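Worksheet: the structure to be examined is printed underneath.
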Amino acid sequence: MRAGHVQAGPDHHFERDNHPGHEIILCLKGKGHARLGGRHYGIDQGAAIWINGHHPHAYWADPEDPWEVYWLLFEGPRLEQVWKMFMDGGGPVVRGCDATQKTLIFERIFQLLEDPQPSLALHVHAEMARLIALLFFPLQSAEPNEDPKHIPENLRRAVERMRIYHHLPLRIAELSAVAGMSPSHFIRTFKKVMGKSPIDWVRHERIHHAQRRLAESDDSMKQIARQVGYNDQFYFSRDFKRLVGVTPTDYRNRERMKR
């Protein structure tokens with residue numbers, strides 16, 4: 001792994017047919033652009049982009065407002081598979097997760113890389129895993145038509161809390177306080193922006209995560225129900241069938257036949 005911090009000028013530009021490894025770039029200030037697979041992507045403050053260096057790519061600073069970035073260049077086993085999952089989920093640019101947390105993870109990695117002790121390598125890998133997990137949050141939990149840019153900032157804080165802590169009891173009074181709204185105003189605003197009431201949105205979120213757990217793990221139905229926030233397996237199975245159209249058992253069997 002290599003990492004760095006760049007305050008770019010207007011001529012900052014990289015274009016390659018291929019380059020060893022993967023790169024994650026976090027935009028701290030300003031704006032940047034990237035071209036991957038023939039598509040153009042804009043990267044603004046707080047956004048991150050994952051670039052697979054093994055494929056043709058280009059990225060550059062916006063000439064009018066050059067970006068300041070943290071970057072990580074890394075390689076490892078199964079990264080191609082993880083990157084494909086990331087792209088299938090809606091990548092390569094992520095805007096909907098906590099920019100402060102991303103920044104802190106980068107800075108912890110910088111500190112660890114400055115120390116040559118081999119025993120710290122595991123800590124570097126752990127921070128890298130945290131960063132990738134953080135980038136996955138908004139991609140795996142967002143509805144297909146949900147654009148984080150269109151969610152007001154105060155509501156976005158509440159939505160991020162609901163995404164990360166979907167498995168815990170979530171109270172309207174606490175969420176509305178995070179958003180700086182009264183409970184009634186929060187419910188009206190949430191439904192207008194997200195298309196669902198907070199309760200229905202969290203229910204969809206929990207079932208979405210349950211689908212992944214059913215497809216990817218061997219955990220029992222009772223375990224998965226608790227992992228996604230249901231204390232009662234009966235209510236979990238009822239909500240799952242109502243939202244997905246099949247029972248959790250049928251869904252797991254169907255997904256395993258695709259392997």
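Residue numbers start at 1 in each chain; chains themselves are named A, B, ... in the order of the structure tokens; ligands are numbered from 1 in the order shown.
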- Item | Members of segment 57-95 of chain A assigned alpha helix (DSSP H) by DSSP, as an MDAnalysis selection string | chainID A and resid 79:88
File dump, residues just selected, C-alpha atoms, as a short mmCIF file (atom, residue, chain, number, x, y, z; two decimals), in the first residue's frame:
data_model
loop_
_atom_site.label_atom_id
_atom_site.label_comp_id
_atom_site.auth_asym_id
_atom_site.auth_seq_id
_atom_site.Cartn_x
_atom_site.Cartn_y
_atom_site.Cartn_z
CA LEU A 79 -9.98 -7.21 -4.77
CA GLU A 80 -11.27 -7.62 -8.30
CA GLN A 81 -14.30 -9.47 -6.92
CA VAL A 82 -14.90 -6.80 -4.25
CA TRP A 83 -14.53 -4.03 -6.84
CA LYS A 84 -17.12 -5.70 -9.10
CA MET A 85 -19.55 -5.86 -6.18
CA PHE A 86 -18.85 -2.18 -5.54
CA MET A 87 -19.58 -1.28 -9.16
CA ASP A 88 -22.71 -3.43 -9.25
#
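Taking atom CA of Ala99 of chain A and atom CA of Pro10 of chain A as endpoints, the distance between them is 23.6 Å.
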- Query: Which polymer residues have any atom within 7 Å of an atom of Ala48 of chain A, counting only C-alpha atoms, with same-chain residues fewer than 2 positions away left out, as number ranges by chain?
  - Reply: A: 24-27, 46, 50, 93-95
Shell of 8 Å around segment 200-207 of chain A, only C-alpha atoms, local chain residues under 6 positions omitted, as an mmCIF file with N, CA and C atoms, in the first residue's frame:
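The resulting file, out_9.cif, is reproduced below:
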data_model
loop_
_atom_site.group_PDB
_atom_site.id
_atom_site.type_symbol
_atom_site.label_atom_id
_atom_site.label_comp_id
_atom_site.auth_asym_id
_atom_site.auth_seq_id
_atom_site.Cartn_x
_atom_site.Cartn_y
_atom_site.Cartn_z
ATOM 1 N N SER A 141 -27.340 0.097 0.685
ATOM 2 C CA SER A 141 -28.614 0.339 1.348
ATOM 3 C C SER A 141 -29.499 1.337 0.634
ATOM 4 N N MET A 162 -29.800 5.911 10.315
ATOM 5 C CA MET A 162 -30.735 4.810 10.098
ATOM 6 C C MET A 162 -30.089 3.684 9.305
ATOM 7 N N ARG A 163 -29.247 4.031 8.356
ATOM 8 C CA ARG A 163 -28.560 3.005 7.560
ATOM 9 C C ARG A 163 -27.578 2.207 8.411
ATOM 10 N N HIS A 166 -29.469 0.289 11.503
ATOM 11 C CA HIS A 166 -30.782 -0.264 11.162
ATOM 12 C C HIS A 166 -31.165 -1.440 12.048
ATOM 13 N N HIS A 167 -30.148 -2.115 12.622
ATOM 14 C CA HIS A 167 -30.397 -3.307 13.427
ATOM 15 C C HIS A 167 -30.787 -2.977 14.865
ATOM 16 N N MET A 194 -37.871 10.880 0.773
ATOM 17 C CA MET A 194 -37.482 9.485 0.603
ATOM 18 C C MET A 194 -38.574 8.618 0.001
ATOM 19 N N VAL A 228 -30.565 -8.198 11.734
ATOM 20 C CA VAL A 228 -31.115 -7.049 11.010
ATOM 21 C C VAL A 228 -32.176 -6.296 11.806
ATOM 22 N N GLY A 229 -32.370 -6.671 13.086
ATOM 23 C CA GLY A 229 -33.224 -5.842 13.928
ATOM 24 C C GLY A 229 -34.574 -6.410 14.306
ATOM 25 N N ASP A 239 -42.624 -9.842 7.171
ATOM 26 C CA ASP A 239 -42.191 -8.654 6.441
ATOM 27 C C ASP A 239 -41.380 -9.033 5.213
ATOM 28 N N PHE A 240 -40.541 -10.061 5.355
ATOM 29 C CA PHE A 240 -39.707 -10.486 4.228
ATOM 30 C C PHE A 240 -40.575 -10.920 3.049
ATOM 31 N N LEU A 243 -42.391 -7.970 1.350
ATOM 32 C CA LEU A 243 -41.567 -7.038 0.588
ATOM 33 C C LEU A 243 -40.814 -7.701 -0.568
#
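Contact shell of Arg188 of chain A at 9 Å (only C-alpha atoms; same-chain neighbours under 5 positions omitted): Pro183, Val193 and Ser197 of chain A.
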- Contacts of Ala58 of chain A at 8 Å (only C-alpha atoms; same-chain gap of 3+ positions) as a ChimeraX atom specification: /A:13-16,34-36
- Task: Using DSSP on the backbone coordinates, identify all residues within segment 61-248 of chain A classified as strand (DSSP E or B); present the result as a VMD selection string.
- Result: chain A and resid 61 66 68 to 74 93 to 94
Selection export as a compact mmCIF listing (two decimals), in the first residue's frame, atoms kept: N, CA and C atoms:
# COMPACT_ATOMS: atom_id res chain seq x y z
N ALA A 61 -7.92 17.26 -11.92
CA ALA A 61 -8.49 18.33 -11.12
C ALA A 61 -9.35 19.23 -11.99
N PRO A 66 -9.51 23.43 -8.43
CA PRO A 66 -8.72 22.19 -8.31
C PRO A 66 -8.91 21.53 -6.94
N GLU A 68 -8.28 19.11 -3.59
CA GLU A 68 -7.29 18.64 -2.63
C GLU A 68 -7.74 17.24 -2.23
N VAL A 69 -6.81 16.27 -2.27
CA VAL A 69 -7.23 14.87 -2.10
C VAL A 69 -6.31 14.11 -1.17
N TYR A 70 -6.87 13.09 -0.52
CA TYR A 70 -6.13 11.98 0.06
C TYR A 70 -6.25 10.83 -0.93
N TRP A 71 -5.18 10.05 -1.09
CA TRP A 71 -5.26 8.91 -2.00
C TRP A 71 -4.59 7.68 -1.38
N LEU A 72 -5.09 6.51 -1.75
CA LEU A 72 -4.54 5.23 -1.33
C LEU A 72 -4.39 4.33 -2.55
N LEU A 73 -3.22 3.79 -2.76
CA LEU A 73 -2.97 2.81 -3.81
C LEU A 73 -2.72 1.47 -3.13
N PHE A 74 -3.49 0.44 -3.48
CA PHE A 74 -3.42 -0.81 -2.74
C PHE A 74 -3.69 -1.98 -3.68
N VAL A 93 -18.29 6.25 -7.68
CA VAL A 93 -18.25 7.44 -6.84
C VAL A 93 -19.26 7.28 -5.71
N VAL A 94 -18.82 7.60 -4.49
CA VAL A 94 -19.69 7.51 -3.31
C VAL A 94 -19.78 8.88 -2.66
Excluding Asp17 of chain A and any residue of its chain fewer than 3 positions from it, enumerate the residues within 9 Å of it, using only C-alpha atoms, and give them as a compact mmCIF listing (two decimals) with C-alpha atoms, in the first residue's frame.
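Generated file (out-v3.txt):
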# COMPACT_ATOMS: atom_id res chain seq x y z
CA GLY A 53 -6.00 0.57 -12.11
CA HIS A 54 -6.05 -2.62 -14.18
CA HIS A 55 -8.53 -0.98 -16.59
CA PRO A 56 -8.11 2.21 -18.68
CA HIS A 57 -8.75 5.27 -16.55
CA ALA A 58 -8.13 8.97 -16.19
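Distances from A:Ile49, A:Ile199, A:Met257, A:Met1 to His125 of chain A were compared using only C-alpha atoms, and the smallest one belongs to A:Met1.
The shortest atom-to-atom distance to Gly90 of chain A, with only C-alpha atoms taken into account, belongs to A:Leu135 out of A:His123, A:Gln7, A:Leu135, A:Tyr59.
The space separating atom CA of Ile172 of chain A from atom CA of Pro198 of chain A comes to 8.0 Å.
Closest approach to Arg252 of chain A from the set A:Arg212, A:His19, A:Arg156, A:His33 is made by A:Arg212, with distances taken over only C-alpha atoms.
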